[in-house]
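A short write-up of the structure that comes next.
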Amino acid sequence: MSKGKLVVISGASGVGKGTVLGIMMGKRPDLRFSVSATTRAPRPNEVDGVHYYFVTKERFEEMIAAGEFLEYDAHAANYYGTPRAQAEEKMAHGSVLLDIEPNGAKQVKQSAPEAVLVFIMPPSLEELERRLRGRGDTSEEQIAMRMERAHWEMEQRTWYDHVVTNDDAERCADEILKIISE
Ligand code: 5GP
C-alpha cells in the first residue's frame, strides 16, 4: 500500500526546478525525491545515486527491456527514466517528487491517474534565456536547442493539473506545497 502521492514537477531547463524542489524538501522533510536514471554525463557537482543514477546506454536499454521503468524518454541525445522500484519504495513512506519532462509526465498520468502534475513556468522567455546563460555550463548551440525545447514543453502545460510561475523560488515552492497538501 502506498502512503504518499506521486507529484510530477515539469518545467523547461533553466526554470529553477532544482531550487524550488530543494526549498520544498527543506520545508517538508517527509517529501522524497525520485532519483532518475540517465545516460548523460554527470555535471561537476552531481553525485551518482543522489542527483541521478548514471548508467550506460546498454544498461538503460536492458532496464527498458526488463520493464524496470515507471516512465522513460529519450531527449537531448540521452535517455532519462524513473526506476519503478525506487519510486514505489519511497511512496510506501510518503509523497514522492518526480522532476521529469512532459513525455514522461504523460506516461505517469496514464499509469497512475491519481498523480498530481505541476508545470513550472518562467516569468518570461527572456528571463529563461538569461538563466540558461547564467549557468555557464551550456554552449550557444545547447542554449538554442534548450530554448526550442522550452517552447515545446511550455505548450504541453495545458494538460497539467496545475501551472505555477517561478517568479520567486520561495513563493513558488510554497504554492506547490499548498497544492500537494490539498
Ligand atoms: P538535465 O539533463 O538538465 O538534468 O535534465 C533535462 C530534462 O530531463 C529535465 O527537463 C528533467 O526534468 C528531465 N528528466 C530528468 N529525469 C527524468 C526522468 O526520469 N524521466 C523523464 N521523462 N525526464 C527526466
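Every chain in the C-alpha cells takes a letter, A first, then B, and so on in the order presented; its residues are numbered from 1, and the ligands are numbered from 1 following the presented order.
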
Need to verify the contact set: Asp73 in chain A, 7 Å, only C-alpha atoms, exclusion of same-chain residues closer than 5 positions in sequence. Can you return it as an mmCIF file with C-alpha atoms, in the first residue's frame?
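Now in selection-v7.cif:
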```cif
data_model
loop_
_atom_site.group_PDB
_atom_site.id
_atom_site.type_symbol
_atom_site.label_atom_id
_atom_site.label_comp_id
_atom_site.auth_asym_id
_atom_site.auth_seq_id
_atom_site.Cartn_x
_atom_site.Cartn_y
_atom_site.Cartn_z
ATOM 1 C CA TYR A 79 17.807 8.549 -22.092
ATOM 2 C CA TYR A 80 16.130 9.596 -18.843
ATOM 3 C CA GLY A 81 13.811 7.381 -16.800
ATOM 4 C CA ASN A 103 6.627 12.869 -22.327
ATOM 5 C CA GLY A 104 7.373 11.099 -19.048
#
```

Mind running range 65-147 of chain A against range 19-26 of chain A at 10 Å and telling me each contacting residue's nearest atom pair with the distance in Å (one decimal), counting only C-alpha atoms, chain and number ascending, as a Markdown table?
```
| residue | atom | partner | partner_atom | distance |
| --- | --- | --- | --- | --- |
| A:Leu97 | CA | A:Leu21 | CA | 8.1 |
| A:Leu98 | CA | A:Leu21 | CA | 9.6 |
| A:Asp99 | CA | A:Leu21 | CA | 8.5 |
| A:Ile120 | CA | A:Val20 | CA | 9.5 |
```

Legend entry - Expected selection as a ChimeraX atom specification for ligand 1 within 9 Å, only C-alpha atoms and all ligand atoms: /A:9-14,17,34-38,40-43,51-52,69-76,78-83,98-107,150,153

Inset, instruction - Measure the distance from CA of Gly94 in chain A to CA of Glu175 in chain A in Å and round it to one decimal. - result: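 Going from CA of Gly94 in chain A over to CA of Glu175 in chain A, I get 19.2 Å.
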
Legend entry - Selected residue, from A:Lys5, A:Arg157, A:Arg146, A:Arg32, that lies nearest to Met121 in chain A when counting only C-alpha atoms: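 With only C-alpha atoms as the atom set, the closest residue is A:Arg157.
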
Inset, instruction - Once DSSP has gone over the backbone, tell me which residues of range 111-146 of chain A are in alpha helix (DSSP H), as a ChimeraX atom specification. - result: /A:111,125-135,140-146

Can you write just those residues out, C-alpha atoms, as an mmCIF file, in the first residue's frame?
```
data_model
loop_
_atom_site.group_PDB
_atom_site.id
_atom_site.type_symbol
_atom_site.label_atom_id
_atom_site.label_comp_id
_atom_site.auth_asym_id
_atom_site.auth_seq_id
_atom_site.Cartn_x
_atom_site.Cartn_y
_atom_site.Cartn_z
ATOM 1 C CA SER A 111 -0.368 4.557 -15.423
ATOM 2 C CA LEU A 125 11.176 33.664 -22.092
ATOM 3 C CA GLU A 126 13.817 36.412 -21.815
ATOM 4 C CA GLU A 127 14.345 35.508 -18.164
ATOM 5 C CA LEU A 128 14.604 31.798 -19.034
ATOM 6 C CA GLU A 129 17.310 32.504 -21.614
ATOM 7 C CA ARG A 130 19.135 34.738 -19.148
ATOM 8 C CA ARG A 131 19.084 31.951 -16.521
ATOM 9 C CA LEU A 132 20.336 29.373 -19.037
ATOM 10 C CA ARG A 133 23.247 31.639 -19.937
ATOM 11 C CA GLY A 134 23.947 32.310 -16.271
ATOM 12 C CA ARG A 135 24.586 28.615 -15.662
ATOM 13 C CA GLU A 140 25.392 28.609 -27.572
ATOM 14 C CA GLU A 141 24.262 25.592 -29.563
ATOM 15 C CA GLN A 142 22.868 23.941 -26.437
ATOM 16 C CA ILE A 143 21.132 27.192 -25.433
ATOM 17 C CA ALA A 144 19.393 27.361 -28.823
ATOM 18 C CA MET A 145 18.355 23.689 -28.513
ATOM 19 C CA ARG A 146 17.125 24.156 -24.952
#
```

Using only C-alpha atoms, determine which residues lie at most 8 Å from Glu68 in chain A, disregarding the query and same-chain residues fewer than 2 positions distant; provide the list as a PDB file with N, CA, C and O atoms, in the first residue's frame.
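Writing the result to part.pdb gives the following:
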```
ATOM      1  N   MET A  63      17.357  -2.162 -18.868  1.00  0.00           N
ATOM      2  CA  MET A  63      16.307  -1.815 -17.895  1.00  0.00           C
ATOM      3  C   MET A  63      14.960  -1.604 -18.598  1.00  0.00           C
ATOM      4  O   MET A  63      13.922  -1.989 -18.081  1.00  0.00           O
ATOM      5  N   ILE A  64      14.986  -1.002 -19.792  1.00  0.00           N
ATOM      6  CA  ILE A  64      13.744  -0.837 -20.560  1.00  0.00           C
ATOM      7  C   ILE A  64      13.164  -2.225 -20.866  1.00  0.00           C
ATOM      8  O   ILE A  64      11.988  -2.495 -20.618  1.00  0.00           O
ATOM      9  N   ALA A  65      14.035  -3.108 -21.390  1.00  0.00           N
ATOM     10  CA  ALA A  65      13.580  -4.448 -21.793  1.00  0.00           C
ATOM     11  C   ALA A  65      13.016  -5.218 -20.600  1.00  0.00           C
ATOM     12  O   ALA A  65      12.071  -5.999 -20.744  1.00  0.00           O
ATOM     13  N   ALA A  66      13.578  -4.977 -19.418  1.00  0.00           N
ATOM     14  CA  ALA A  66      13.119  -5.694 -18.223  1.00  0.00           C
ATOM     15  C   ALA A  66      11.895  -5.021 -17.593  1.00  0.00           C
ATOM     16  O   ALA A  66      11.427  -5.457 -16.542  1.00  0.00           O
ATOM     17  N   LEU A  70       9.058   3.190 -14.622  1.00  0.00           N
ATOM     18  CA  LEU A  70       7.702   3.706 -14.476  1.00  0.00           C
ATOM     19  C   LEU A  70       7.379   4.548 -15.705  1.00  0.00           C
ATOM     20  O   LEU A  70       6.266   4.556 -16.213  1.00  0.00           O
ATOM     21  N   PRO A  83      13.212   4.761 -12.360  1.00  0.00           N
ATOM     22  CA  PRO A  83      13.169   3.352 -11.985  1.00  0.00           C
ATOM     23  C   PRO A  83      11.957   3.106 -11.071  1.00  0.00           C
ATOM     24  O   PRO A  83      11.788   3.778 -10.049  1.00  0.00           O
ATOM     25  N   ARG A  84      11.106   2.181 -11.498  1.00  0.00           N
ATOM     26  CA  ARG A  84       9.847   1.925 -10.809  1.00  0.00           C
ATOM     27  C   ARG A  84      10.059   1.518  -9.336  1.00  0.00           C
ATOM     28  O   ARG A  84       9.386   2.048  -8.456  1.00  0.00           O
ATOM     29  N   ALA A  85      11.007   0.613  -9.102  1.00  0.00           N
ATOM     30  CA  ALA A  85      11.165   0.044  -7.755  1.00  0.00           C
ATOM     31  C   ALA A  85      11.492   1.118  -6.721  1.00  0.00           C
ATOM     32  O   ALA A  85      10.893   1.150  -5.645  1.00  0.00           O
TER      33      ALA A  85
END
```

Inset, instruction - One decimal, Å: what's the distance from CA of Ala169 in chain A over to CA of Arg149 in chain A, could you say? - result: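 CA of Ala169 in chain A sits 22.1 Å away from CA of Arg149 in chain A.
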
Inset, instruction - Taking the DSSP assignment computed from this structure's backbone, write out as JSON, numbers by chain all residues of range 42-145 of chain A that belong to strand (DSSP E or B). - result: {"A": [48, 52, 53, 54, 69, 70, 71, 72, 73, 74, 75, 78, 79, 80, 81, 82, 83, 96, 97, 98, 99, 116, 117, 118, 119, 120, 121]}

Legend entry - Atomic separation - CA of Ala115 in chain A relative to CA of Ala87 in chain A, Å: 12.5 Å

For range 53-56 of chain A, work out the shell of residues within 6 Å, counting only C-alpha atoms and skipping chain neighbours fewer than 2 positions away, then give it as a PDB file with all heavy atoms, in the first residue's frame.
```pdb
ATOM      1  N   ALA A  37      17.289   7.531 -13.609  1.00  0.00           N
ATOM      2  CA  ALA A  37      18.482   7.004 -14.283  1.00  0.00           C
ATOM      3  C   ALA A  37      18.677   7.818 -15.554  1.00  0.00           C
ATOM      4  O   ALA A  37      17.704   8.264 -16.170  1.00  0.00           O
ATOM      5  CB  ALA A  37      18.268   5.534 -14.635  1.00  0.00           C
ATOM      6  N   THR A  38      19.903   8.066 -15.926  1.00  0.00           N
ATOM      7  CA  THR A  38      20.180   8.771 -17.182  1.00  0.00           C
ATOM      8  C   THR A  38      21.468   8.266 -17.808  1.00  0.00           C
ATOM      9  O   THR A  38      22.359   7.783 -17.098  1.00  0.00           O
ATOM     10  CB  THR A  38      20.276  10.304 -16.985  1.00  0.00           C
ATOM     11  OG1 THR A  38      20.467  10.916 -18.266  1.00  0.00           O
ATOM     12  CG2 THR A  38      21.444  10.711 -16.093  1.00  0.00           C
ATOM     13  N   THR A  39      21.540   8.443 -19.132  1.00  0.00           N
ATOM     14  CA  THR A  39      22.781   8.089 -19.837  1.00  0.00           C
ATOM     15  C   THR A  39      23.649   9.328 -20.051  1.00  0.00           C
ATOM     16  O   THR A  39      24.737   9.223 -20.610  1.00  0.00           O
ATOM     17  CB  THR A  39      22.471   7.465 -21.212  1.00  0.00           C
ATOM     18  OG1 THR A  39      21.668   8.382 -21.968  1.00  0.00           O
ATOM     19  CG2 THR A  39      21.732   6.155 -21.061  1.00  0.00           C
ATOM     20  N   ASP A  48      26.438  10.468  -8.127  1.00  0.00           N
ATOM     21  CA  ASP A  48      25.718   9.267  -8.565  1.00  0.00           C
ATOM     22  C   ASP A  48      24.872   8.725  -7.414  1.00  0.00           C
ATOM     23  O   ASP A  48      25.346   8.597  -6.287  1.00  0.00           O
ATOM     24  CB  ASP A  48      26.737   8.197  -9.014  1.00  0.00           C
ATOM     25  CG  ASP A  48      26.058   7.005  -9.667  1.00  0.00           C
ATOM     26  OD1 ASP A  48      25.055   7.188 -10.378  1.00  0.00           O
ATOM     27  OD2 ASP A  48      26.539   5.882  -9.455  1.00  0.00           O
ATOM     28  N   GLY A  49      23.603   8.459  -7.701  1.00  0.00           N
ATOM     29  CA  GLY A  49      22.703   7.933  -6.668  1.00  0.00           C
ATOM     30  C   GLY A  49      21.988   9.018  -5.891  1.00  0.00           C
ATOM     31  O   GLY A  49      21.067   8.735  -5.127  1.00  0.00           O
ATOM     32  N   GLU A  58      23.717   0.863 -22.811  1.00  0.00           N
ATOM     33  CA  GLU A  58      23.418  -0.578 -22.809  1.00  0.00           C
ATOM     34  C   GLU A  58      22.605  -0.956 -21.570  1.00  0.00           C
ATOM     35  O   GLU A  58      21.618  -1.659 -21.637  1.00  0.00           O
ATOM     36  CB  GLU A  58      24.716  -1.409 -22.837  1.00  0.00           C
ATOM     37  CG  GLU A  58      25.487  -1.335 -24.144  1.00  0.00           C
ATOM     38  CD  GLU A  58      26.113   0.051 -24.418  1.00  0.00           C
ATOM     39  OE1 GLU A  58      26.500   0.749 -23.443  1.00  0.00           O
ATOM     40  OE2 GLU A  58      26.184   0.442 -25.599  1.00  0.00           O
ATOM     41  N   ARG A  59      23.059  -0.436 -20.417  1.00  0.00           N
ATOM     42  CA  ARG A  59      22.367  -0.739 -19.153  1.00  0.00           C
ATOM     43  C   ARG A  59      20.942  -0.177 -19.182  1.00  0.00           C
ATOM     44  O   ARG A  59      19.986  -0.841 -18.761  1.00  0.00           O
ATOM     45  CB  ARG A  59      23.163  -0.153 -17.974  1.00  0.00           C
ATOM     46  CG  ARG A  59      22.505  -0.299 -16.634  1.00  0.00           C
ATOM     47  CD  ARG A  59      22.587  -1.735 -16.080  1.00  0.00           C
ATOM     48  NE  ARG A  59      21.732  -1.884 -14.910  1.00  0.00           N
ATOM     49  CZ  ARG A  59      20.669  -2.686 -14.860  1.00  0.00           C
ATOM     50  NH1 ARG A  59      20.338  -3.459 -15.878  1.00  0.00           N
ATOM     51  NH2 ARG A  59      19.942  -2.744 -13.761  1.00  0.00           N
TER      52      ARG A  59
END
```

Legend entry - Minimum-distance residue to Trp159 in chain A, chosen among A:Leu117, A:Asp30, A:Gln110, A:Pro44 (using only C-alpha atoms):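 With only C-alpha atoms as the atom set, the closest residue is A:Leu117.
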